[in-house]
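Asks: my_file_12.txt (compact mmCIF, C-alpha atoms) pasted underneath:
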# COMPACT_ATOMS: atom_id res chain seq x y z
CA MET A 226 -83.85 259.51 73.72
CA GLU A 227 -82.50 263.01 74.08
CA GLY A 228 -81.92 264.29 77.58
CA THR A 229 -81.44 260.79 79.00
CA SER A 230 -77.80 261.44 80.07
CA GLY A 231 -77.01 258.04 78.59
CA ARG A 232 -78.63 256.17 81.52
CA LEU A 233 -81.05 253.31 80.88
CA PRO A 234 -83.27 253.91 83.97
CA VAL A 235 -83.73 257.53 82.93
CA ALA A 236 -84.44 256.65 79.29
CA PHE A 237 -86.99 253.86 79.98
CA ARG A 238 -88.07 254.93 83.46
CA GLY A 239 -90.47 252.48 85.15
CA PHE A 240 -90.42 249.98 82.30
CA TYR A 241 -86.73 249.30 82.78
CA LEU A 242 -87.02 248.80 86.54
CA SER A 243 -90.10 246.62 86.18
CA LEU A 244 -88.48 244.46 83.53
CA TYR A 245 -85.47 243.66 85.71
CA ARG A 246 -87.06 243.83 89.15
CA GLY A 247 -90.80 243.26 89.03
CA PHE A 248 -90.69 240.69 86.18
CA ARG A 249 -87.43 238.99 86.98
CA ASN A 250 -88.89 235.48 86.73
CA GLU A 251 -87.73 233.13 83.96
CA GLU A 252 -91.05 233.23 82.12
CA PHE A 253 -90.35 236.88 81.28
CA GLU A 254 -86.89 236.16 79.86
CA PHE A 255 -88.25 236.50 76.30
CA LEU A 256 -89.16 240.12 77.14
CA ARG A 257 -85.67 240.88 78.31
CA GLU A 258 -84.19 239.27 75.18
CA ALA A 259 -86.52 241.34 72.98
CA PHE A 260 -85.55 244.45 74.93
CA GLN A 261 -81.86 243.75 74.42
CA ASP A 262 -82.44 243.14 70.70
CA TYR A 263 -84.05 246.56 70.57
CA MET A 264 -81.10 248.04 72.49
CA ALA A 265 -78.56 246.51 70.09
CA GLU A 266 -80.33 248.05 67.10
CA PHE A 267 -81.45 251.48 68.31
CA TRP A 268 -79.51 252.46 71.45
CA THR A 269 -76.93 255.09 70.49
CA GLU A 270 -75.46 255.67 73.94
CA GLY A 271 -72.77 253.59 75.60
CA ILE A 272 -73.22 250.39 77.54
CA THR A 273 -70.57 249.55 80.10
CA ARG A 274 -69.67 246.30 81.82
CA ARG A 275 -70.87 247.81 85.08
CA ASN A 276 -74.45 247.26 83.98
CA LYS A 277 -74.88 243.78 85.45
CA ARG A 278 -78.49 243.40 84.32
CA LEU A 279 -77.57 243.23 80.62
CA HIS A 280 -75.90 240.20 79.06
CA LYS A 281 -72.20 240.64 78.27
CA ALA A 282 -72.98 239.51 74.73
CA LEU A 283 -74.85 242.77 74.21
CA LEU A 284 -71.54 244.62 74.33
CA GLU A 285 -70.55 242.72 71.20
CA ARG A 286 -73.71 243.73 69.35
CA VAL A 287 -74.26 247.43 69.98
CA ASP A 288 -73.06 249.89 67.33
CA TRP A 289 -71.50 252.32 69.79
CA ILE A 290 -69.09 251.26 72.53
CA PRO A 291 -67.26 253.22 75.28
CA ALA A 292 -63.79 254.55 74.55
CA ASN A 293 -62.10 252.43 77.22
CA HIS A 294 -63.67 249.25 75.80
CA ALA A 295 -62.49 250.28 72.32
CA CYS A 296 -58.94 250.92 73.60
CA SER A 297 -58.84 247.47 75.16
CA GLN A 298 -60.08 245.84 71.96
CA MET A 299 -57.69 247.81 69.72
CA GLY A 300 -54.70 247.50 72.04
CA ILE A 301 -53.92 251.23 72.00
CA SER A 302 -53.88 254.06 74.53
CA ARG A 303 -56.70 256.54 74.99
CA ARG A 304 -54.45 259.32 73.65
CA ARG A 305 -53.90 257.42 70.42
CA LEU A 306 -57.61 256.66 70.12
CA LEU A 307 -58.42 260.36 70.48
CA ALA A 308 -55.82 261.13 67.82
CA LEU A 309 -57.50 258.67 65.45
CA ILE A 310 -60.84 260.31 66.18
CA ASP A 311 -59.42 263.78 65.45
CA ALA A 312 -57.96 262.44 62.20
CA LEU A 313 -61.45 261.17 61.28
CA SER A 314 -60.15 257.59 61.09
CA ILE A 315 -62.60 256.49 63.79
CA ARG A 316 -66.17 257.75 64.08
CA ALA A 317 -67.01 258.94 67.58
CA SER A 318 -69.63 260.70 69.65
CA ARG A 319 -68.85 262.92 72.62
CA ARG A 320 -71.21 263.89 75.41
CA THR A 321 -70.56 265.99 78.51
CA THR A 322 -72.44 265.13 81.69
CA GLU A 323 -73.88 267.67 84.12
CA LYS A 324 -70.80 267.22 86.31
CA GLY A 325 -68.49 268.00 83.38
CA ARG A 326 -67.39 264.44 82.62
CA VAL A 327 -66.77 263.79 78.92
CA ILE A 328 -68.20 260.49 77.66
CA VAL A 329 -66.63 259.26 74.41
CA LEU A 330 -68.32 256.57 72.34
CA VAL A 331 -66.81 255.07 69.19
CA HIS A 332 -68.40 253.19 66.31
CA ARG A 333 -67.89 249.44 66.59
CA ALA A 334 -67.51 248.89 62.83
CA ASP A 335 -64.53 251.28 62.71
CA VAL A 336 -62.94 249.53 65.68
CA ASP A 337 -63.38 246.13 64.02
CA ASN A 338 -61.89 247.41 60.75
CA PHE A 339 -58.92 248.83 62.65
CA CYS A 340 -58.27 245.50 64.36
CA LYS A 341 -58.48 243.61 61.06
CA ALA A 342 -56.01 246.02 59.46
CA GLN A 343 -53.58 245.63 62.37
CA ILE A 344 -53.36 241.89 61.81
CA SER A 345 -51.74 242.54 58.43
CA HIS A 346 -49.58 245.47 59.60
CA SER A 347 -46.45 245.80 61.72
CA SER A 348 -44.78 248.47 63.82
CA LEU A 349 -41.92 250.73 62.75
CA GLN A 350 -39.54 248.99 65.17
CA TYR A 351 -40.40 245.56 63.78
CA ALA A 352 -39.88 246.71 60.19
CA ALA A 353 -36.60 248.44 61.09
CA ASN A 354 -35.28 245.27 62.75
CA ARG A 355 -36.29 243.07 59.81
CA LEU A 356 -34.81 245.35 57.14
CA GLY A 357 -31.73 246.51 59.07
CA PHE A 358 -32.48 250.23 59.41
CA LYS A 359 -32.45 252.61 62.30
CA LYS A 360 -35.97 253.70 63.18
CA SER A 361 -35.25 257.34 62.33
CA ARG A 362 -33.84 256.48 58.89
CA LEU A 363 -36.70 254.11 58.00
CA GLN A 364 -39.27 256.65 59.18
CA ALA A 365 -37.78 259.26 56.84
CA LEU A 366 -37.76 256.80 53.91
CA LEU A 367 -41.26 255.34 54.39
CA PRO A 368 -43.19 257.98 52.40
CA VAL A 369 -40.99 257.18 49.39
CA ILE A 370 -40.42 253.42 49.58
CA CYS A 371 -43.73 252.34 51.17
CA PRO A 372 -46.66 254.63 50.29
CA ASP A 373 -49.11 252.18 51.93
CA ALA A 374 -47.62 252.82 55.38
CA PHE A 375 -49.62 255.21 57.54
CA LYS A 376 -49.61 256.73 61.01
CA LEU A 377 -52.11 255.55 63.61
CA GLY A 378 -53.36 259.04 64.34
CA GLY A 379 -51.72 262.44 64.39
CA LEU A 380 -48.30 263.75 65.39
CA GLY A 381 -46.46 261.44 67.76
CA CYS A 382 -48.54 258.36 66.96
CA PRO A 383 -46.77 255.23 65.69
CA TRP A 384 -46.55 253.97 62.12
CA SER A 385 -48.43 251.00 60.72
CA ILE A 386 -46.52 249.20 57.95
CA PRO A 387 -47.92 246.39 55.76
CA THR A 388 -46.31 243.13 56.82
CA SER A 389 -46.61 241.86 53.23
CA TRP A 390 -44.31 244.69 52.12
CA ILE A 391 -41.71 243.72 54.72
CA ASP A 392 -41.97 240.04 53.71
CA ALA A 393 -41.55 240.96 50.03
CA TRP A 394 -38.29 242.79 50.77
CA THR A 395 -37.05 239.88 52.90
CA GLN A 396 -37.77 237.37 50.13
CA PHE A 397 -36.08 239.66 47.61
CA ILE A 398 -32.93 239.87 49.77
CA HIS A 399 -32.75 236.09 50.31
CA SER A 400 -33.15 235.46 46.57
CA GLN A 401 -29.80 237.14 45.84
CA PRO A 402 -26.59 235.10 45.46
CA THR A 403 -24.16 235.40 48.37
CA TYR A 404 -20.47 236.38 48.28
CA VAL A 405 -17.83 235.92 50.98
CA SER A 406 -14.88 237.83 49.56
CA GLU A 407 -14.78 241.38 48.23
CA ILE A 408 -15.67 241.97 44.58
CA LYS A 409 -13.89 244.54 42.44
CA ASP A 410 -15.78 247.82 41.92
CA CYS A 411 -18.54 246.61 44.26
CA ILE A 412 -20.07 248.39 47.25
CA SER A 413 -22.84 247.50 49.68
CA VAL A 414 -26.05 249.43 50.25
CA GLU A 415 -24.86 249.97 53.83
CA TYR A 416 -21.81 251.82 52.46
CA ILE A 417 -24.08 254.04 50.37
CA LEU A 418 -26.31 254.83 53.36
CA ARG A 419 -23.34 255.67 55.59
CA PHE A 420 -20.92 257.50 53.34
CA LYS A 421 -22.75 258.96 50.34
CA SER A 422 -24.36 262.34 50.98
CA TRP A 423 -27.68 261.45 49.41
CA LYS A 424 -30.97 262.99 50.47
CA ASN A 425 -33.75 260.74 51.76
CA ASP A 426 -35.75 260.99 48.54
CA GLN A 427 -32.65 259.99 46.55
CA VAL A 428 -32.01 256.98 48.82
CA GLY A 429 -35.67 256.03 48.55
CA THR A 430 -35.60 256.23 44.76
CA PHE A 431 -32.44 254.11 44.72
CA LEU A 432 -34.09 251.38 46.86
CA ILE A 433 -37.16 251.36 44.63
CA GLU A 434 -34.94 250.99 41.56
CA ILE A 435 -33.09 247.95 42.93
CA PHE A 436 -36.30 246.34 44.25
CA SER A 437 -37.95 246.73 40.84
CA LYS A 438 -34.75 245.34 39.24
CA LYS A 439 -34.26 248.44 37.11
CA LEU A 440 -30.86 248.84 38.74
CA PRO A 441 -29.12 245.44 38.71
CA LEU A 442 -27.74 243.86 41.86
CA ILE A 443 -24.59 241.76 42.11
CA GLY A 444 -25.76 239.83 45.17
CA ARG A 445 -25.51 240.15 48.93
CA VAL A 446 -22.91 239.69 51.65
CA GLU A 447 -23.02 236.17 53.05
CA GLY A 448 -24.60 236.06 56.50
CA VAL A 449 -26.30 239.45 56.11
CA SER A 450 -30.06 239.28 55.52
CA THR A 451 -30.86 242.99 55.54
CA ILE A 452 -31.02 245.67 52.86
CA GLY A 453 -27.58 246.94 53.89
CA GLY A 454 -26.00 243.67 52.79
CA LEU A 455 -27.04 244.01 49.15
CA LEU A 456 -24.15 244.52 46.72
CA VAL A 457 -24.15 246.83 43.70
CA SER A 458 -21.62 248.01 41.13
CA ASN A 459 -20.06 251.27 42.24
CA LYS A 460 -19.63 252.38 38.62
CA GLU A 461 -23.26 251.64 37.73
CA VAL A 462 -24.56 253.35 40.87
CA ASN A 463 -22.56 256.51 40.14
CA ALA A 464 -23.72 256.53 36.52
CA TRP A 465 -27.34 256.00 37.62
CA PHE A 466 -27.12 258.79 40.19
CA ASP A 467 -25.60 261.24 37.72
CA LEU A 468 -28.24 260.45 35.12
CA THR A 469 -31.13 260.57 37.59
CA PHE A 470 -30.18 263.48 39.81
CA ILE A 471 -27.01 265.40 38.88
CA SER A 472 -28.41 266.56 35.54
CA LYS A 473 -31.66 267.66 37.20
CA ILE A 474 -30.87 268.96 40.66
CA GLN A 475 -30.23 272.60 41.49
CA ASP A 476 -27.97 271.83 44.46
CA TYR A 477 -24.62 270.02 44.51
CA THR A 478 -22.59 268.64 47.36
CA ILE A 479 -19.00 269.84 47.55
CA PRO A 480 -17.65 266.48 46.26
CA GLN A 481 -20.08 266.77 43.34
CA VAL A 482 -18.82 270.29 42.63
CA ALA A 483 -15.27 268.91 42.60
CA ALA A 484 -16.33 266.32 40.01
CA LEU A 485 -18.06 268.95 37.87
CA LEU A 486 -15.00 271.23 37.89
CA HIS A 487 -12.55 268.31 37.50
CA ILE A 488 -10.63 269.25 40.62
CA LYS A 489 -9.76 267.41 43.80
CA GLN A 490 -12.18 267.63 46.72
CA GLU A 491 -9.46 269.35 48.77
CA VAL A 492 -9.40 272.19 46.21
CA ALA A 493 -13.20 272.46 46.24
CA TYR A 494 -13.27 272.73 50.03
CA SER A 495 -10.54 275.38 49.86
CA LEU A 496 -12.66 277.43 47.43
CA VAL A 497 -15.57 277.16 49.85
CA ARG A 498 -13.45 278.29 52.79
CA THR A 499 -12.17 281.31 50.87
CA ARG A 500 -15.74 282.09 49.69
CA PHE A 501 -15.08 281.73 45.99
CA LEU A 502 -17.95 279.26 46.21
CA ARG A 503 -20.86 280.11 48.49
CA VAL A 504 -22.68 277.25 50.20
CA ASN A 505 -26.10 276.67 51.74
CA ALA A 506 -26.99 274.22 54.52
CA ASN A 507 -29.72 271.63 53.91
CA ALA A 508 -31.02 269.11 56.44
CA PHE A 509 -29.69 265.60 55.87
CA GLY A 510 -30.95 263.15 58.48
CA ALA A 511 -29.83 264.31 61.91
CA ARG A 512 -27.19 266.71 60.59
CA ASN A 513 -26.82 269.55 58.11
CA GLN A 514 -25.18 269.03 54.71
CA GLN A 515 -23.50 271.86 52.79
CA TYR A 516 -24.75 272.36 49.24
CA VAL A 517 -23.71 274.66 46.41
CA ARG A 518 -26.39 276.09 44.14
CA HIS A 519 -26.22 275.29 40.44
CA THR A 520 -26.30 279.02 39.68
CA GLU A 521 -23.34 279.53 42.01
CA VAL A 522 -21.28 276.95 40.10
CA GLU A 523 -22.14 278.57 36.77
CA SER A 524 -21.27 282.00 38.17
CA PHE A 525 -17.89 280.69 39.37
CA LYS A 526 -17.10 279.22 35.93
CA SER A 527 -17.94 282.53 34.24
CA GLN A 528 -15.76 284.62 36.59
CA PHE A 529 -12.71 282.43 37.21
CA VAL A 530 -10.44 280.01 35.36
CA PHE A 531 -7.82 277.56 36.61
CA CYS A 532 -4.24 277.90 35.38
CA ARG A 533 -4.41 274.22 34.48
CA ASP A 534 -7.29 274.88 32.05
CA LEU A 535 -5.42 277.76 30.42
CA ALA A 536 -2.45 275.48 29.91
CA LEU A 537 -4.63 272.84 28.26
CA GLN A 538 -6.22 275.46 26.02
CA TRP A 539 -2.87 276.82 24.81
CA LYS A 540 -1.10 273.45 24.81
CA THR A 541 1.64 274.37 27.22
CA SER A 542 2.49 273.82 30.87
CA PRO A 543 0.84 275.58 33.85
CA LYS A 544 4.33 276.80 34.85
CA THR A 545 4.73 278.60 31.51
CA VAL A 546 1.25 280.13 31.77
CA LYS A 547 2.01 281.48 35.24
CA LYS A 548 5.34 282.95 34.08
CA VAL A 549 3.73 284.75 31.12
CA LEU A 550 0.85 286.11 33.21
CA ASP A 551 3.23 287.27 35.94
CA GLN A 552 5.20 289.24 33.35
CA ALA A 553 1.96 290.80 32.10
CA GLY A 554 0.93 291.82 35.61
CA VAL A 555 -1.98 289.36 35.78
CA VAL A 556 -1.84 287.86 39.27
CA PRO A 557 -3.77 284.83 40.52
CA VAL A 558 -6.62 285.32 42.99
CA ALA A 559 -6.01 281.99 44.71
CA GLY A 560 -3.10 279.58 44.91
CA PRO A 561 -0.56 277.80 47.14
CA GLU A 562 1.26 281.03 48.05
CA ILE A 563 -1.92 283.11 48.46
CA ASP A 564 -4.45 281.13 50.46
CA GLY A 565 -3.10 277.57 50.42
CA CYS A 566 -5.28 276.42 47.50
CA ARG A 567 -3.48 273.71 45.54
CA GLN A 568 -4.64 275.08 42.18
CA LEU A 569 -3.81 278.48 40.72
CA LEU A 570 -6.99 280.44 40.03
CA TYR A 571 -7.24 283.56 37.84
CA ASN A 572 -9.84 286.14 37.02
CA ARG A 573 -11.26 284.99 33.70
CA ILE A 574 -11.82 288.51 32.30
CA GLU A 575 -8.24 289.61 33.00
CA CYS A 576 -6.88 286.49 31.31
CA ARG A 577 -9.20 286.90 28.33
CA ASN A 578 -8.09 290.51 27.83
CA TYR A 579 -4.44 289.50 27.84
CA PHE A 580 -4.83 286.56 25.45
CA GLU A 581 -7.00 288.53 23.05
CA GLY A 582 -4.27 291.17 22.83
CA PHE A 583 -1.39 288.75 22.20
CA GLY A 584 -3.14 285.89 20.46
CA LYS A 585 -0.99 283.15 21.99
CA LEU A 586 1.41 282.43 24.78
CA THR A 587 5.14 283.06 24.21
Could I get this structure in the form of structure tokens?
Replies:
Amino acid sequence: MEGTSGRLPVAFRGFYLSLYRGFRNEEFEFLREAFQDYMAEFWTEGITRRNKRLHKALLERVDWIPANHACSQMGISRRRLLALIDALSIRASRRTTEKGRVIVLVHRADVDNFCKAQISHSSLQYAANRLGFKKSRLQALLPVICPDAFKLGGLGCPWSIPTSWIDAWTQFIHSQPTYVSEIKDCISVEYILRFKSWKNDQVGTFLIEIFSKKLPLIGRVEGVSTIGGLLVSNKEVNAWFDLTFISKIQDYTIPQVAALLHIKQEVAYSLVRTRFLRVNANAFGARNQQYVRHTEVESFKSQFVFCRDLALQWKTSPKTVKKVLDQAGVVPVAGPEIDGCRQLLYNRIECRNYFEGFGKLT
């Protein structure tokens, strides 16, 4: 039927007109039914509702249907349908008429499969409301915590999330015991999401761990039925994070650097401001988060030493160490009277040379 322009009168010529005009009587109805059976099986062009001669039931039988009919059946826009076609999720056929009009036909089986899948799937907004996330946060976490979620087309198209996955999380949350008052050494998941500088993959791994019960939960806040209301032990979470990420990652947040160097966060930020520690900016949600490379921390430890650590090494007070080093002409590179840093910091090589020459502090 090539060269028919998708029109029935052109494809079947006089037979079509005779069937519906010359032989319109009821005794020829069997011919029209046989013709429509043939159309349903072999016609590869579109059939629109404007064709009043054909039964409406034929639209439900043909393998290829017009794009606008598919959009109505699927409940999506034409732009989203075209995105699904470009992503090869929906089989389609395109034809351009002599006047330049593009006719798009889609395969009925793919449309039916899409509609069946949508019954068991939900939107990103629905999932975010049920689980207590912002849409942007849940969208960033989906690839980690719900691999079965997928986008309905290309860039800009909405997400489709299995409703069974949402229901499983809801049941898991409601199965936890509830607490009204605060519990010692206990924090909520909402606190972790708001105040801990974790990357999305780290948050996602954490949620998977608690859902799989590998990381034990204490319970949930009474009256809160979302993920943010779940309660965990602060000590266990910190230990889990250190074991899972700190020993493996190449980047540290500034508070993590403070913990590694056993100094206060204020001192760590001071070292960053004075460029003793160089930082890099990584994307974290809608803002940038400063990180210090692992190699930068190791370089700092090899070049500098805190007066406090020297005092511990030689079993004396930091005040005595400073007095001895001042007399030897070894001056600190950072400190309260130099740049406002609350810890005295020395060049490690200069200190090593002095101590090797004298053996001990006097």
Asks: Can you tell me how far CA of Thr388 in chain A sits from CA of Tyr404 in chain A, in Å to one decimal?
Replies: 28.0 Å
Asks: Would you tabulate, counting all atoms listed in the file, all residues of range 311-378 of chain A that have an atom at most 12 Å from an atom of range 418-429 of chain A, showing the closest pair of atoms and their distance in Å to one decimal, sorted by chain then ascending number, as CSV?
Replies:
residue,atom,partner,partner_atom,distance
A:Gly357,CA,A:Leu418,CA,11.5
A:Phe358,CA,A:Leu418,CA,9.8
A:Lys359,CA,A:Leu418,CA,11.1
A:Ser361,CA,A:Asn425,CA,11.2
A:Arg362,CA,A:Asn425,CA,8.3
A:Leu363,CA,A:Asn425,CA,9.6
A:Gln364,CA,A:Asn425,CA,10.1
A:Ala365,CA,A:Asn425,CA,6.7
A:Leu366,CA,A:Gly429,CA,5.8
A:Leu367,CA,A:Gly429,CA,8.1
A:Pro368,CA,A:Gly429,CA,8.7
A:Val369,CA,A:Gly429,CA,5.5
A:Ile370,CA,A:Gly429,CA,5.5
A:Cys371,CA,A:Gly429,CA,9.2
A:Pro372,CA,A:Gly429,CA,11.2
Asks: List the spatial neighbours of range 324-337 of chain A as a PyMOL selection string - criterion: any atom at most 7 Å away, only C-alpha atoms, same-chain residues fewer than 2 positions off excluded.
Replies: chain A and resi 271+288-292+295+299+315-322+339-341
Asks: Could you save those same residues with C-alpha atoms as a PDB file, in the frame of the given file?
Replies:
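part_23.pdb written:
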ATOM      1  CA  GLY A 271     -72.770 253.590  75.600  1.00  0.00           C
ATOM      2  CA  ASP A 288     -73.060 249.890  67.330  1.00  0.00           C
ATOM      3  CA  TRP A 289     -71.500 252.320  69.790  1.00  0.00           C
ATOM      4  CA  ILE A 290     -69.090 251.260  72.530  1.00  0.00           C
ATOM      5  CA  PRO A 291     -67.260 253.220  75.280  1.00  0.00           C
ATOM      6  CA  ALA A 292     -63.790 254.550  74.550  1.00  0.00           C
ATOM      7  CA  ALA A 295     -62.490 250.280  72.320  1.00  0.00           C
ATOM      8  CA  MET A 299     -57.690 247.810  69.720  1.00  0.00           C
ATOM      9  CA  ILE A 315     -62.600 256.490  63.790  1.00  0.00           C
ATOM     10  CA  ARG A 316     -66.170 257.750  64.080  1.00  0.00           C
ATOM     11  CA  ALA A 317     -67.010 258.940  67.580  1.00  0.00           C
ATOM     12  CA  SER A 318     -69.630 260.700  69.650  1.00  0.00           C
ATOM     13  CA  ARG A 319     -68.850 262.920  72.620  1.00  0.00           C
ATOM     14  CA  ARG A 320     -71.210 263.890  75.410  1.00  0.00           C
ATOM     15  CA  THR A 321     -70.560 265.990  78.510  1.00  0.00           C
ATOM     16  CA  THR A 322     -72.440 265.130  81.690  1.00  0.00           C
ATOM     17  CA  PHE A 339     -58.920 248.830  62.650  1.00  0.00           C
ATOM     18  CA  CYS A 340     -58.270 245.500  64.360  1.00  0.00           C
ATOM     19  CA  LYS A 341     -58.480 243.610  61.060  1.00  0.00           C
TER      20      LYS A 341
END
Asks: Measuring between only C-alpha atoms, which one of A:Asp392, A:Glu447, A:Glu323, A:Glu562 shows the shortest distance to Tyr351 in chain A?
Replies: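 Of all the options, A:Asp392 lies closest to Tyr351 in chain A.
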Asks: Which residues are near Leu356 in chain A? Cut-off 12 Å, only C-alpha atoms, ignore same chain within fewer than 5 positions. Put them as an NGL selection string.
Replies: :A and (349-351 or 362-363 or 388 or 390-399 or 414-415 or 432 or 449-455)
Asks: Could you jot down the CA of Lys460 in chain A to CA of Ile443 in chain A separation for me, Å, one decimal place?
Replies: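 Those two atoms sit 12.2 Å apart.
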Asks: Between A:Gln538, A:Cys532, A:Leu550, A:Ala559, which residue has the minimum interatomic distance to Phe501 in chain A, considering only C-alpha atoms?
Replies: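 Between A:Gln538, A:Cys532, A:Leu550, A:Ala559, the residue approaching Phe501 in chain A most closely is A:Ala559.
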Asks: Within 10 Å of Phe529 in chain A, counting only C-alpha atoms, which residues show up once you throw out same-chain ones fewer than 5 positions away? Write them as a PDB file with C-alpha atoms, in the frame of the given file, please.
Replies:
ATOM      1  CA  PHE A 501     -15.080 281.730  45.990  1.00  0.00           C
ATOM      2  CA  SER A 524     -21.270 282.000  38.170  1.00  0.00           C
ATOM      3  CA  PRO A 557      -3.770 284.830  40.520  1.00  0.00           C
ATOM      4  CA  VAL A 558      -6.620 285.320  42.990  1.00  0.00           C
ATOM      5  CA  LEU A 570      -6.990 280.440  40.030  1.00  0.00           C
ATOM      6  CA  TYR A 571      -7.240 283.560  37.840  1.00  0.00           C
ATOM      7  CA  ASN A 572      -9.840 286.140  37.020  1.00  0.00           C
ATOM      8  CA  ARG A 573     -11.260 284.990  33.700  1.00  0.00           C
ATOM      9  CA  ILE A 574     -11.820 288.510  32.300  1.00  0.00           C
ATOM     10  CA  GLU A 575      -8.240 289.610  33.000  1.00  0.00           C
ATOM     11  CA  CYS A 576      -6.880 286.490  31.310  1.00  0.00           C
TER      12      CYS A 576
END
Asks: Considering all atoms listed in the file, can you say which of A:Arg445, A:Lys438, A:Arg518, A:Lys547 comes closest to Asp476 in chain A?
Replies: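 Residue with the minimum atom-to-atom distance to Asp476 in chain A: A:Arg518.
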Asks: Looking at A:Thr478, A:Ser314, A:Ser389, A:Ser437, which one is nearest to Lys376 in chain A, with distances taken over all atoms listed in the file?
Replies: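 That would be A:Ser314, the residue with the smallest distance to Lys376 in chain A.
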